[in-house]
>>> print(open('input_18.txt').read())   # compact mmCIF, C-alpha atoms
# COMPACT_ATOMS: atom_id res chain seq x y z
CA MET W 1 16.64 0.56 0.97
CA THR W 2 17.48 -3.14 0.90
CA ASP W 3 18.67 -5.08 -2.14
CA GLU W 4 15.43 -7.09 -2.01
CA ILE W 5 13.30 -3.94 -2.16
CA THR W 6 15.37 -2.55 -5.02
CA ALA W 7 15.03 -5.81 -6.97
CA LEU W 8 11.27 -6.00 -6.33
CA ALA W 9 10.77 -2.39 -7.45
CA ARG W 10 12.66 -3.09 -10.68
CA LEU W 11 10.65 -6.27 -11.29
CA LEU W 12 7.42 -4.37 -10.67
CA GLY W 13 8.49 -1.81 -13.27
CA GLU W 14 9.24 -4.50 -15.83
CA LEU W 15 5.89 -6.20 -15.22
CA ALA W 16 4.00 -2.91 -15.28
CA LEU W 17 5.54 -1.99 -18.62
CA GLN W 18 4.76 -5.45 -20.06
CA LYS W 19 1.14 -5.30 -18.86
CA ARG W 20 0.71 -1.58 -19.57
CA ALA W 21 -0.19 -1.15 -15.92
CA VAL W 22 -0.07 2.04 -13.91
CA ILE W 23 0.61 1.88 -10.17
CA ALA W 24 -0.43 4.18 -7.32
CA THR W 25 -0.06 3.92 -3.55
CA ALA W 26 -1.68 5.01 -0.30
CA GLU W 27 0.61 4.71 2.70
CA SER W 28 0.24 5.26 6.38
CA CYS W 29 2.80 3.31 8.43
CA THR W 30 5.42 3.41 5.64
CA ALA W 31 5.00 7.16 5.09
CA GLY W 32 5.82 6.99 1.39
CA GLY W 33 8.37 4.19 1.51
CA ILE W 34 6.70 2.20 -1.26
CA ALA W 35 6.50 5.24 -3.53
CA PHE W 36 10.13 6.03 -2.72
CA ALA W 37 11.25 2.51 -3.68
CA VAL W 38 9.25 2.60 -6.91
CA THR W 39 10.46 6.03 -7.98
CA ASP W 40 14.05 5.04 -7.29
CA VAL W 41 13.73 2.99 -10.50
CA SER W 42 14.78 5.05 -13.50
CA GLY W 43 11.88 5.51 -15.91
CA SER W 44 9.22 4.81 -13.30
CA SER W 45 7.21 7.81 -14.48
CA ALA W 46 6.07 5.58 -17.35
CA TRP W 47 4.22 3.28 -14.94
CA PHE W 48 3.89 5.02 -11.54
CA ASP W 49 1.16 7.65 -11.24
CA ARG W 50 1.17 8.94 -7.66
CA GLY W 51 1.41 8.17 -3.98
CA PHE W 52 -0.74 9.39 -1.11
CA VAL W 53 0.78 9.59 2.36
CA THR W 54 -2.24 9.47 4.62
CA TYR W 55 -0.78 9.21 8.08
CA THR W 56 -3.75 10.61 10.00
CA ASN W 57 -7.37 9.54 9.98
CA GLU W 58 -8.30 12.98 8.68
CA SER W 59 -5.97 12.67 5.70
CA LYS W 60 -7.38 9.23 4.90
CA GLN W 61 -10.85 10.77 4.81
CA GLU W 62 -9.94 13.95 2.94
CA MET W 63 -7.54 12.57 0.34
CA ILE W 64 -8.81 9.07 -0.45
CA ASP W 65 -12.39 8.93 0.84
CA VAL W 66 -12.04 6.53 3.77
CA CYS W 67 -15.32 6.69 5.67
CA GLU W 68 -15.29 8.11 9.18
CA THR W 69 -17.67 5.31 10.19
CA THR W 70 -15.15 2.70 9.03
CA LEU W 71 -12.38 4.33 11.03
CA ARG W 72 -14.59 4.50 14.14
CA ALA W 73 -15.90 0.96 13.82
CA TYR W 74 -12.69 -0.88 12.86
CA GLY W 75 -9.82 1.54 13.46
CA ALA W 76 -7.16 2.86 11.12
CA VAL W 77 -5.32 -0.46 11.26
CA SER W 78 -7.89 -2.80 9.76
CA VAL W 79 -8.53 -4.59 6.49
CA GLN W 80 -11.69 -2.52 6.14
CA THR W 81 -9.68 0.71 6.21
CA ALA W 82 -6.95 -0.71 3.96
CA GLY W 83 -9.59 -1.77 1.42
CA GLU W 84 -11.20 1.66 1.42
CA MET W 85 -7.77 3.26 1.08
CA ALA W 86 -6.98 1.12 -1.98
CA GLU W 87 -10.33 1.88 -3.55
CA GLY W 88 -9.88 5.58 -2.83
CA VAL W 89 -6.51 5.57 -4.57
CA MET W 90 -8.18 4.17 -7.67
CA LYS W 91 -10.85 6.88 -7.57
CA HIS W 92 -8.25 9.65 -7.26
CA SER W 93 -5.68 8.45 -9.78
CA ARG W 94 -5.29 6.98 -13.23
CA ALA W 95 -3.88 3.75 -11.79
CA THR W 96 -4.81 0.30 -13.00
CA HIS W 97 -3.38 -1.21 -9.80
CA ALA W 98 -2.96 0.21 -6.30
CA VAL W 99 -1.66 -0.81 -2.93
CA ALA W 100 -2.61 0.67 0.43
CA VAL W 101 -0.91 -0.02 3.75
CA THR W 102 -1.86 0.86 7.30
CA GLY W 103 -0.24 -0.59 10.37
CA ILE W 104 1.59 -0.34 13.65
CA ALA W 105 5.33 -0.03 13.09
CA GLY W 106 6.10 0.57 16.76
CA PRO W 107 7.70 0.72 19.13
CA THR W 108 4.47 2.04 20.69
CA GLY W 109 0.85 1.87 19.59
CA GLY W 110 0.29 -1.86 19.80
CA VAL W 111 -2.52 -3.49 21.76
CA PRO W 112 -3.14 -7.20 22.40
CA SER W 113 -5.53 -7.52 19.43
CA LYS W 114 -3.22 -5.49 17.16
CA PRO W 115 0.37 -5.84 18.35
CA VAL W 116 3.32 -3.89 16.99
CA GLY W 117 4.10 -5.33 13.55
CA THR W 118 0.44 -5.64 12.49
CA VAL W 119 0.02 -4.29 8.97
CA CYS W 120 -3.15 -4.35 6.85
CA PHE W 121 -2.89 -4.25 3.08
CA GLY W 122 -5.38 -3.35 0.38
CA PHE W 123 -4.74 -4.20 -3.26
CA ALA W 124 -7.01 -2.75 -5.94
CA THR W 125 -7.25 -3.60 -9.62
CA ARG W 126 -9.29 -1.71 -12.18
CA THR W 127 -11.48 -4.12 -14.17
CA ASP W 128 -14.12 -3.77 -16.87
CA ASP W 129 -16.72 -4.14 -14.11
CA GLY W 130 -15.22 -1.60 -11.71
CA ILE W 131 -12.63 -1.94 -9.00
CA ASP W 132 -11.64 -5.28 -7.46
CA VAL W 133 -10.21 -4.99 -3.95
CA GLN W 134 -8.36 -7.67 -1.99
CA THR W 135 -7.20 -7.26 1.58
CA GLU W 136 -4.92 -9.09 3.97
CA THR W 137 -3.19 -8.66 7.30
CA MET W 138 0.42 -9.52 8.00
CA TRP W 139 2.42 -9.55 11.23
CA PHE W 140 6.07 -8.59 10.95
CA ASP W 141 8.78 -8.99 13.58
CA GLY W 142 11.46 -6.46 14.37
CA ASP W 143 11.90 -2.84 15.27
CA ARG W 144 10.15 0.10 13.58
CA SER W 145 12.59 0.19 10.68
CA LEU W 146 12.35 -3.55 10.03
CA VAL W 147 8.54 -3.56 10.18
CA ARG W 148 8.43 -0.74 7.65
CA GLN W 149 10.97 -2.44 5.34
CA SER W 150 9.05 -5.72 5.57
CA THR W 151 5.85 -3.86 4.70
CA VAL W 152 7.40 -2.23 1.64
CA ALA W 153 8.86 -5.53 0.45
CA HIS W 154 5.57 -7.38 0.94
CA ALA W 155 3.59 -4.69 -0.90
CA LEU W 156 5.96 -4.78 -3.87
CA ARG W 157 6.04 -8.60 -3.91
CA ARG W 158 2.23 -8.83 -3.92
CA LEU W 159 1.91 -6.18 -6.65
CA CYS W 160 4.36 -8.21 -8.75
CA GLU W 161 2.26 -11.33 -8.16
CA LEU W 162 -0.92 -9.51 -9.19
CA LEU W 163 0.68 -8.28 -12.40
CA ALA W 164 2.27 -11.63 -13.20
CA ASN W 165 -1.12 -13.39 -13.23
>>> encode(input="input_18.txt", output="structure tokens")
Amino acid sequence: MTDEITALARLLGELALQKRAVIATAESCTAGGIAFAVTDVSGSSAWFDRGFVTYTNESKQEMIDVCETTLRAYGAVSVQTAGEMAEGVMKHSRATHAVAVTGIAGPTGGVPSKPVGTVCFGFATRTDDGIDVQTETMWFDGDRSLVRQSTVAHALRRLCELLAN
């Protein structure tokens, strides 16, 4: 774990405690890396609920209600899938905020339209009106390890931004 990831996880914990927020994750390409970083912070059980590692399409469907039609139409690495993953986390946890990541860490698996380093993110926030979901796609350079580290850092950074506002 990098110093940046450690610092972001600690900051997320401080913000979550201040805002009385509870965090949950759904991870594919990082295979639990975000949850690992968060739970490396002492006392994180006060603000981290759970993490889902949904590496296969079947696990995305079974554990967090991603629609088979979404996976067929857009693929596992898509903002549509990431959004459904984030929403599914909210439905299957007590979280107030969630992040979902799905991507291609490499070195294989990339295609011209989705090269290695493509990662789709879903961020969900529980509101009085339901669940608000935001999605985005990022492209990270580097080998498998660096793409995964960059994904974890970006997820933590964006969660901190959501809680800070």
>>> closest_atom_pairs(input="input_18.txt", of="range 143-164 of chain W", to="range 122-138 of chain W", cutoff="10 Å", atoms="only C-alpha atoms", output="CSV")
residue,atom,partner,partner_atom,distance
W:Ser150,CA,W:Met138,CA,9.7
W:Thr151,CA,W:Met138,CA,8.5
W:His154,CA,W:Met138,CA,9.0
W:Ala155,CA,W:Phe123,CA,8.7
W:Arg158,CA,W:Phe123,CA,8.4
W:Leu159,CA,W:Phe123,CA,7.7
W:Leu162,CA,W:Thr125,CA,8.7
W:Leu163,CA,W:Thr125,CA,9.6
>>> atom_distance(input="input_18.txt", atom1="CA of Glu87 in chain W", atom2="CA of Val66 in chain W")
8.8 Å
>>> closest_residue(input="input_18.txt", among="W:Arg148, W:Lys60, W:Arg72, W:Arg50", to="His97 in chain W", atoms="all atoms listed in the file")
W:Arg50
>>> atom_distance(input="input_18.txt", atom1="CA of Gly13 in chain W", atom2="CA of Phe52 in chain W")
18.9 Å
>>> residues_around(input="input_18.txt", residues="range 16-22 of chain W", least_positions_apart="5", cutoff="9 Å", atoms="only C-alpha atoms", output="tab-separated table (two decimals) with C-alpha atoms, in the frame of the given file")
chain	number	residue	atom	x	y	z
W	11	LEU	CA	10.65	-6.27	-11.29
W	46	ALA	CA	6.07	5.58	-17.35
W	47	TRP	CA	4.22	3.28	-14.94
W	48	PHE	CA	3.89	5.02	-11.54
W	49	ASP	CA	1.16	7.65	-11.24
W	94	ARG	CA	-5.29	6.98	-13.23
W	95	ALA	CA	-3.88	3.75	-11.79
W	96	THR	CA	-4.81	0.30	-13.00
W	97	HIS	CA	-3.38	-1.21	-9.80
W	98	ALA	CA	-2.96	0.21	-6.30
W	160	CYS	CA	4.36	-8.21	-8.75
W	163	LEU	CA	0.68	-8.28	-12.40
W	164	ALA	CA	2.27	-11.63	-13.20
>>> atom_distance(input="input_18.txt", atom1="CA of Cys67 in chain W", atom2="CA of Ala82 in chain W")
11.3 Å
>>> residues_near_point(input="input_18.txt", point="(5.0, -2.7, 13.0)", cutoff="7 Å", atoms="all atoms listed in the file", output="PDB file with C-alpha atoms, in the frame of the given file")
ATOM      1  CA  GLY W 103      -0.240  -0.590  10.370  1.00  0.00           C
ATOM      2  CA  ILE W 104       1.590  -0.340  13.650  1.00  0.00           C
ATOM      3  CA  ALA W 105       5.330  -0.030  13.090  1.00  0.00           C
ATOM      4  CA  GLY W 106       6.100   0.570  16.760  1.00  0.00           C
ATOM      5  CA  VAL W 116       3.320  -3.890  16.990  1.00  0.00           C
ATOM      6  CA  GLY W 117       4.100  -5.330  13.550  1.00  0.00           C
ATOM      7  CA  THR W 118       0.440  -5.640  12.490  1.00  0.00           C
ATOM      8  CA  VAL W 119       0.020  -4.290   8.970  1.00  0.00           C
ATOM      9  CA  PHE W 140       6.070  -8.590  10.950  1.00  0.00           C
ATOM     10  CA  ARG W 144      10.150   0.100  13.580  1.00  0.00           C
ATOM     11  CA  VAL W 147       8.540  -3.560  10.180  1.00  0.00           C
ATOM     12  CA  ARG W 148       8.430  -0.740   7.650  1.00  0.00           C
TER      13      ARG W 148
END
>>> closest_atom_pairs(input="input_18.txt", of="range 57-131 of chain W", to="range 32-35 of chain W", cutoff="12 Å", atoms="all atoms listed in the file", output="Markdown table")
| residue | atom | partner | partner_atom | distance |
| --- | --- | --- | --- | --- |
| W:Ala98 | CA | W:Ala35 | CA | 11.1 |
| W:Val99 | CA | W:Ile34 | CA | 9.0 |
| W:Ala100 | CA | W:Ile34 | CA | 9.6 |
| W:Val101 | CA | W:Ile34 | CA | 9.4 |
| W:Thr102 | CA | W:Gly32 | CA | 11.5 |
>>> axis_aligned_box(input="input_18.txt", around="range 137-156 of chain W", padding_each_side="4 Å", output="lines of an AutoDock Vina configuration file")
center_x = 4.7
center_y = -4.7
center_z = 5.7
size_x = 23.8
size_y = 17.7
size_z = 27.1
>>> closest_residue(input="input_18.txt", among="W:Ile64, W:Ala9, W:Thr30, W:Asn165", to="Lys91 in chain W", atoms="all atoms listed in the file")
W:Ile64
>>> residues_around(input="input_18.txt", residues="Thr69 in chain W", least_positions_apart="6", cutoff="12 Å", atoms="all atoms listed in the file", output="list in words")
Asn57, Gln61, Gly75, Ala76, Gln80, Thr81 and Glu84 of chain W
>>> closest_residue(input="input_18.txt", among="W:Thr2, W:Arg157, W:Ser93, W:Ser28", to="Glu58 in chain W", atoms="all atoms listed in the file")
W:Ser28
>>> closest_residue(input="input_18.txt", among="W:Pro107, W:Cys120, W:Val38, W:Leu156", to="Gly142 in chain W", atoms="all atoms listed in the file")
W:Pro107
>>> closest_residue(input="input_18.txt", among="W:Leu15, W:Leu8, W:Val53, W:Val89", to="Glu27 in chain W", atoms="all atoms listed in the file")
W:Val53
>>> closest_residue(input="input_18.txt", among="W:Gly43, W:Thr25, W:Ala31, W:Pro115", to="Ala86 in chain W", atoms="all atoms listed in the file")
W:Thr25
